[in-house]
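Trainee: Pasting target-v3.cif here (mmCIF, C-alpha atoms):
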```cif
data_structure
loop_
_atom_site.label_atom_id
_atom_site.label_comp_id
_atom_site.auth_asym_id
_atom_site.auth_seq_id
_atom_site.Cartn_x
_atom_site.Cartn_y
_atom_site.Cartn_z
CA MET A 1 38.58 106.91 71.37
CA ALA A 2 41.62 108.85 70.19
CA SER A 3 43.60 105.63 69.97
CA VAL A 4 40.94 104.09 67.71
CA VAL A 5 41.04 107.07 65.36
CA LYS A 6 44.84 107.09 65.38
CA ALA A 7 44.93 103.38 64.60
CA LEU A 8 42.51 103.82 61.72
CA VAL A 9 44.55 106.66 60.24
CA ASP A 10 48.12 105.58 60.97
CA SER A 11 47.97 101.85 60.38
CA PRO A 12 50.05 100.69 57.41
CA ASP A 13 47.26 98.20 56.73
CA ALA A 14 44.56 100.89 56.74
CA ARG A 15 43.42 99.97 53.24
CA SER A 16 40.34 97.80 53.12
CA ASP A 17 39.35 95.01 50.80
CA ALA A 18 35.76 96.25 50.77
CA GLY A 19 35.83 96.80 47.01
CA THR A 20 37.77 98.29 44.18
CA GLU A 21 36.45 101.82 44.59
CA PRO A 22 38.18 103.99 47.22
CA TRP A 23 34.87 105.72 48.01
CA LEU A 24 31.15 105.49 47.36
CA PRO A 25 28.43 108.13 47.45
CA PRO A 26 26.30 108.23 50.61
CA LYS A 27 22.74 107.02 50.89
CA ALA A 28 19.96 109.60 50.47
CA ASP A 29 19.85 110.19 54.25
CA GLY A 30 23.59 111.01 54.44
CA SER A 31 24.59 107.70 55.98
CA CYS A 32 27.19 105.41 54.44
CA PRO A 33 26.74 101.98 52.89
CA GLU A 34 27.97 98.87 54.69
CA LEU A 35 31.77 98.43 54.51
CA TYR A 36 32.24 102.13 53.59
CA LEU A 37 31.53 103.63 57.01
CA ILE A 38 34.01 106.54 57.07
CA LYS A 39 32.13 109.79 56.40
CA ALA A 40 33.92 112.60 54.57
CA ASN A 41 32.74 116.19 54.32
CA ASP A 42 33.85 118.24 51.31
CA ASN A 43 33.29 121.66 52.91
CA SER A 44 35.48 121.01 55.93
CA GLY A 45 37.90 118.54 54.35
CA ILE A 46 37.44 116.32 57.41
CA PHE A 47 36.51 112.67 57.72
CA HIS A 48 34.74 110.99 60.63
CA VAL A 49 35.09 107.39 61.79
CA PRO A 50 32.39 105.33 63.52
CA GLY A 51 32.33 106.10 67.23
CA GLY A 52 33.83 109.54 66.69
CA ARG A 53 32.43 112.57 68.48
CA PHE A 54 30.52 114.00 65.49
CA TYR A 55 30.07 110.83 63.45
CA ASP A 56 26.34 110.37 64.10
CA ARG A 57 25.39 113.92 63.16
CA THR A 58 27.65 114.15 60.09
CA LYS A 59 25.98 113.74 56.72
CA ALA A 60 28.54 112.22 54.41
CA GLU A 61 29.40 113.57 51.00
CA ARG A 62 31.75 110.64 50.36
CA CYS A 63 32.01 107.30 52.14
CA TYR A 64 35.32 105.49 52.48
CA ALA A 65 36.18 101.93 53.43
CA ALA A 66 39.60 102.91 54.80
CA ALA A 67 41.00 106.01 56.46
CA ALA A 68 44.07 105.81 54.22
CA ASP A 69 41.82 106.32 51.18
CA ALA A 70 40.27 109.45 52.68
CA VAL A 71 43.73 110.81 53.54
CA ALA A 72 44.94 110.02 50.00
CA ASP A 73 42.03 112.11 48.66
CA GLY A 74 43.07 115.08 50.81
CA TYR A 75 40.81 114.72 53.85
CA ARG A 76 42.12 114.90 57.40
CA PRO A 77 40.78 113.04 60.42
CA ALA A 78 38.39 114.77 62.79
CA LYS A 79 39.89 115.75 66.11
CA ALA A 80 38.95 113.43 68.92
#
```
Would you kindly transcribe this structure into structure tokens?
Mentor:
Amino acid sequence: MASVVKALVDSPDARSDAGTEPWLPPKADGSCPELYLIKANDNSGIFHVPGGRFYDRTKAERCYAAAADAVADGYRPAKA
């Protein structure tokens, strides 16, 4: 799992072609729309990737298509 998170964060190609916006607001239930599956939490400053330890129970405040976009906005990856 840690290698998946590291690859998502450290890859030079981490940007996605999902759309022109770096992030989208979450759905009403706190989940993220298709293609923007990275969940970011404003209070903690942490983002969670699918398959991560706390991903399923995290209610997103922002949803990102690429880890690089979340990092560029000041979020850090969740610890594995």
Trainee: Can you list, as a list of chain:residue names, the residues that the PyMOL selection byres ((chain A and resi 42) around 12) selects here?
Mentor: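 When the PyMOL selection byres ((chain A and resi 42) around 12) is applied, the selected residues are A:Lys39, A:Ala40, A:Asn41, A:Asn43, A:Ser44, A:Gly45, A:Ile46, A:Phe47, A:His48, A:Thr58, A:Lys59, A:Ala60, A:Glu61, A:Arg62, A:Cys63, A:Ala70, A:Asp73, A:Gly74, A:Tyr75, A:Arg76.
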Trainee: What is the atom CA of Asp29 of chain A-atom CA of Val49 of chain A distance in Å, reported with one decimal?
Mentor: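 One can read the atom CA of Asp29 of chain A to atom CA of Val49 of chain A distance as 17.2 Å.
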Trainee: For each of A:Glu34, A:Pro77, A:Ala65, A:Val71, take the minimum atom-to-atom distance to Arg53 of chain A, counting all atoms listed in the file, then give the residue where this is smallest.
Mentor: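 That would be A:Pro77, the residue with the smallest distance to Arg53 of chain A.
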Trainee: With distances taken over only C-alpha atoms, which of A:Thr20, A:Ala72, A:Tyr64, A:Ala80 is nearest to Leu35 of chain A?
Mentor: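 Checking each of A:Thr20, A:Ala72, A:Tyr64, A:Ala80 against Leu35 of chain A, counting only C-alpha atoms, the winner is A:Tyr64.
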Trainee: In Å, how far is it from atom CA of Pro50 of chain A to atom CA of Ala67 of chain A?
Mentor: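 Atom CA of Ala67 of chain A lies at a distance of 11.2 Å from atom CA of Pro50 of chain A.
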Trainee: Any idea what the distance is between atom CA of Gly52 of chain A and atom CA of Gly30 of chain A?
Mentor: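 These atoms are spaced 16.0 Å apart.
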Trainee: Which is closest to Pro22 of chain A among A:Ala66, A:Phe54, A:Ile38, A:Ala78, if we use all atoms listed in the file?
Mentor: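 Checking each of A:Ala66, A:Phe54, A:Ile38, A:Ala78 against Pro22 of chain A, counting all atoms listed in the file, the winner is A:Ala66.
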